[in-house]
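Working notes, structure below.
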Amino acid sequence: MEIENLKKNIASNIRQQRAKNKISQEKLSELTGISQQFICNIENEKVNPSVETLLKIANSLNITINELVY
């Protein structure tokens, strides 16, 4: 899978899971310890998050990293 497709999937899945759980970017930031701006950049496909960052987000959204990525 290409990097751009991965970034698109991750961004979309984070947005969908946040909406499903009624969690704002600000709340996700509090839950993960990741800045709200960085979460925004992930959702806008501007950065490549590390595996550690993806795990923090997945855990905070109560999903697996596979659900976040694919």
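Ordering of the structure tokens sets the chain letters (A, B, ...); residue numbers start at 1 within each chain; ligands are numbered from 1 in the order shown.
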As a PyMOL selection string, which residues of chain A does DSSP assign to helix (DSSP H, G or I)? chain A and resi 3-20+25-32+36-43+51-60+65-69
Keeping only N, CA and C atoms, write the selected residues as a compact mmCIF listing (two decimals), in the first residue's frame.
```
# COMPACT_ATOMS: atom_id res chain seq x y z
N ILE A 3 2.15 5.08 0.65
CA ILE A 3 2.12 5.97 1.81
C ILE A 3 0.92 6.91 1.75
N GLU A 4 0.65 7.47 0.59
CA GLU A 4 -0.47 8.41 0.47
C GLU A 4 -1.80 7.74 0.78
N ASN A 5 -1.97 6.50 0.34
CA ASN A 5 -3.20 5.77 0.65
C ASN A 5 -3.30 5.45 2.13
N LEU A 6 -2.17 5.12 2.74
CA LEU A 6 -2.16 4.87 4.18
C LEU A 6 -2.56 6.12 4.94
N LYS A 7 -1.97 7.25 4.57
CA LYS A 7 -2.30 8.51 5.24
C LYS A 7 -3.78 8.84 5.09
N LYS A 8 -4.32 8.60 3.89
CA LYS A 8 -5.73 8.86 3.64
C LYS A 8 -6.61 7.96 4.50
N ASN A 9 -6.27 6.66 4.58
CA ASN A 9 -7.03 5.72 5.40
C ASN A 9 -6.99 6.11 6.87
N ILE A 10 -5.81 6.42 7.36
CA ILE A 10 -5.65 6.79 8.77
C ILE A 10 -6.46 8.03 9.08
N ALA A 11 -6.35 9.04 8.24
CA ALA A 11 -7.08 10.29 8.46
C ALA A 11 -8.59 10.04 8.50
N SER A 12 -9.07 9.31 7.53
CA SER A 12 -10.50 9.01 7.45
C SER A 12 -10.97 8.20 8.65
N ASN A 13 -10.20 7.19 9.02
CA ASN A 13 -10.58 6.33 10.14
C ASN A 13 -10.57 7.07 11.47
N ILE A 14 -9.63 7.95 11.67
CA ILE A 14 -9.61 8.75 12.90
C ILE A 14 -10.86 9.62 12.96
N ARG A 15 -11.15 10.32 11.87
CA ARG A 15 -12.35 11.18 11.84
C ARG A 15 -13.62 10.38 12.10
N GLN A 16 -13.74 9.23 11.44
CA GLN A 16 -14.94 8.40 11.62
C GLN A 16 -15.08 7.92 13.05
N GLN A 17 -13.99 7.46 13.63
CA GLN A 17 -14.04 6.96 15.00
C GLN A 17 -14.29 8.08 16.01
N ARG A 18 -13.73 9.24 15.76
CA ARG A 18 -14.00 10.38 16.65
C ARG A 18 -15.47 10.74 16.60
N ALA A 19 -16.03 10.77 15.39
CA ALA A 19 -17.46 11.10 15.23
C ALA A 19 -18.33 10.04 15.90
N LYS A 20 -17.99 8.79 15.68
CA LYS A 20 -18.76 7.68 16.26
C LYS A 20 -18.78 7.77 17.78
N GLN A 25 -11.22 16.71 18.51
CA GLN A 25 -9.76 16.64 18.41
C GLN A 25 -9.13 17.05 19.73
N GLU A 26 -9.72 18.03 20.37
CA GLU A 26 -9.19 18.50 21.65
C GLU A 26 -9.26 17.40 22.71
N LYS A 27 -10.38 16.69 22.76
CA LYS A 27 -10.53 15.60 23.73
C LYS A 27 -9.56 14.46 23.42
N LEU A 28 -9.42 14.14 22.12
CA LEU A 28 -8.47 13.09 21.73
C LEU A 28 -7.05 13.49 22.13
N SER A 29 -6.75 14.77 22.00
CA SER A 29 -5.45 15.28 22.42
C SER A 29 -5.23 15.04 23.91
N GLU A 30 -6.23 15.31 24.70
CA GLU A 30 -6.14 15.09 26.15
C GLU A 30 -5.94 13.60 26.46
N LEU A 31 -6.68 12.75 25.76
CA LEU A 31 -6.61 11.30 26.01
C LEU A 31 -5.27 10.69 25.61
N THR A 32 -4.66 11.25 24.56
CA THR A 32 -3.43 10.65 24.02
C THR A 32 -2.15 11.34 24.46
N GLN A 36 -3.27 18.83 19.85
CA GLN A 36 -4.45 18.93 18.98
C GLN A 36 -4.01 19.30 17.57
N GLN A 37 -3.00 20.13 17.44
CA GLN A 37 -2.50 20.53 16.12
C GLN A 37 -1.92 19.34 15.37
N PHE A 38 -1.21 18.45 16.07
CA PHE A 38 -0.64 17.28 15.42
C PHE A 38 -1.76 16.33 14.96
N ILE A 39 -2.78 16.16 15.80
CA ILE A 39 -3.93 15.34 15.41
C ILE A 39 -4.59 15.93 14.18
N CYS A 40 -4.75 17.24 14.15
CA CYS A 40 -5.30 17.93 12.98
C CYS A 40 -4.44 17.66 11.75
N ASN A 41 -3.14 17.73 11.90
CA ASN A 41 -2.23 17.47 10.77
C ASN A 41 -2.33 16.03 10.28
N ILE A 42 -2.53 15.08 11.19
CA ILE A 42 -2.72 13.69 10.78
C ILE A 42 -4.01 13.58 9.97
N GLU A 43 -5.08 14.19 10.47
CA GLU A 43 -6.37 14.11 9.79
C GLU A 43 -6.36 14.83 8.45
N VAL A 51 4.41 4.78 14.69
CA VAL A 51 3.63 3.64 15.18
C VAL A 51 3.19 3.92 16.62
N GLU A 52 4.06 4.50 17.41
CA GLU A 52 3.73 4.85 18.80
C GLU A 52 2.54 5.79 18.86
N THR A 53 2.53 6.79 18.00
CA THR A 53 1.42 7.75 17.94
C THR A 53 0.13 7.05 17.52
N LEU A 54 0.22 6.19 16.52
CA LEU A 54 -0.96 5.45 16.06
C LEU A 54 -1.51 4.55 17.17
N LEU A 55 -0.63 3.92 17.93
CA LEU A 55 -1.08 3.08 19.04
C LEU A 55 -1.80 3.90 20.11
N LYS A 56 -1.27 5.07 20.42
CA LYS A 56 -1.92 5.94 21.41
C LYS A 56 -3.32 6.33 20.94
N ILE A 57 -3.44 6.68 19.66
CA ILE A 57 -4.73 7.08 19.12
C ILE A 57 -5.69 5.90 19.10
N ALA A 58 -5.23 4.76 18.61
CA ALA A 58 -6.08 3.56 18.55
C ALA A 58 -6.57 3.18 19.94
N ASN A 59 -5.67 3.16 20.91
CA ASN A 59 -6.05 2.81 22.28
C ASN A 59 -7.07 3.79 22.84
N SER A 60 -6.90 5.07 22.57
CA SER A 60 -7.83 6.08 23.07
C SER A 60 -9.20 5.98 22.41
N ILE A 65 -4.98 -1.13 16.06
CA ILE A 65 -4.20 -0.35 15.11
C ILE A 65 -4.59 -0.74 13.67
N ASN A 66 -4.96 -2.00 13.45
CA ASN A 66 -5.41 -2.41 12.12
C ASN A 66 -6.67 -1.66 11.70
N GLU A 67 -7.59 -1.47 12.64
CA GLU A 67 -8.81 -0.72 12.32
C GLU A 67 -8.50 0.74 12.01
N LEU A 68 -7.45 1.24 12.61
CA LEU A 68 -7.04 2.63 12.36
C LEU A 68 -6.38 2.79 10.99
N VAL A 69 -5.60 1.79 10.59
CA VAL A 69 -4.80 1.90 9.38
C VAL A 69 -5.54 1.44 8.13
```
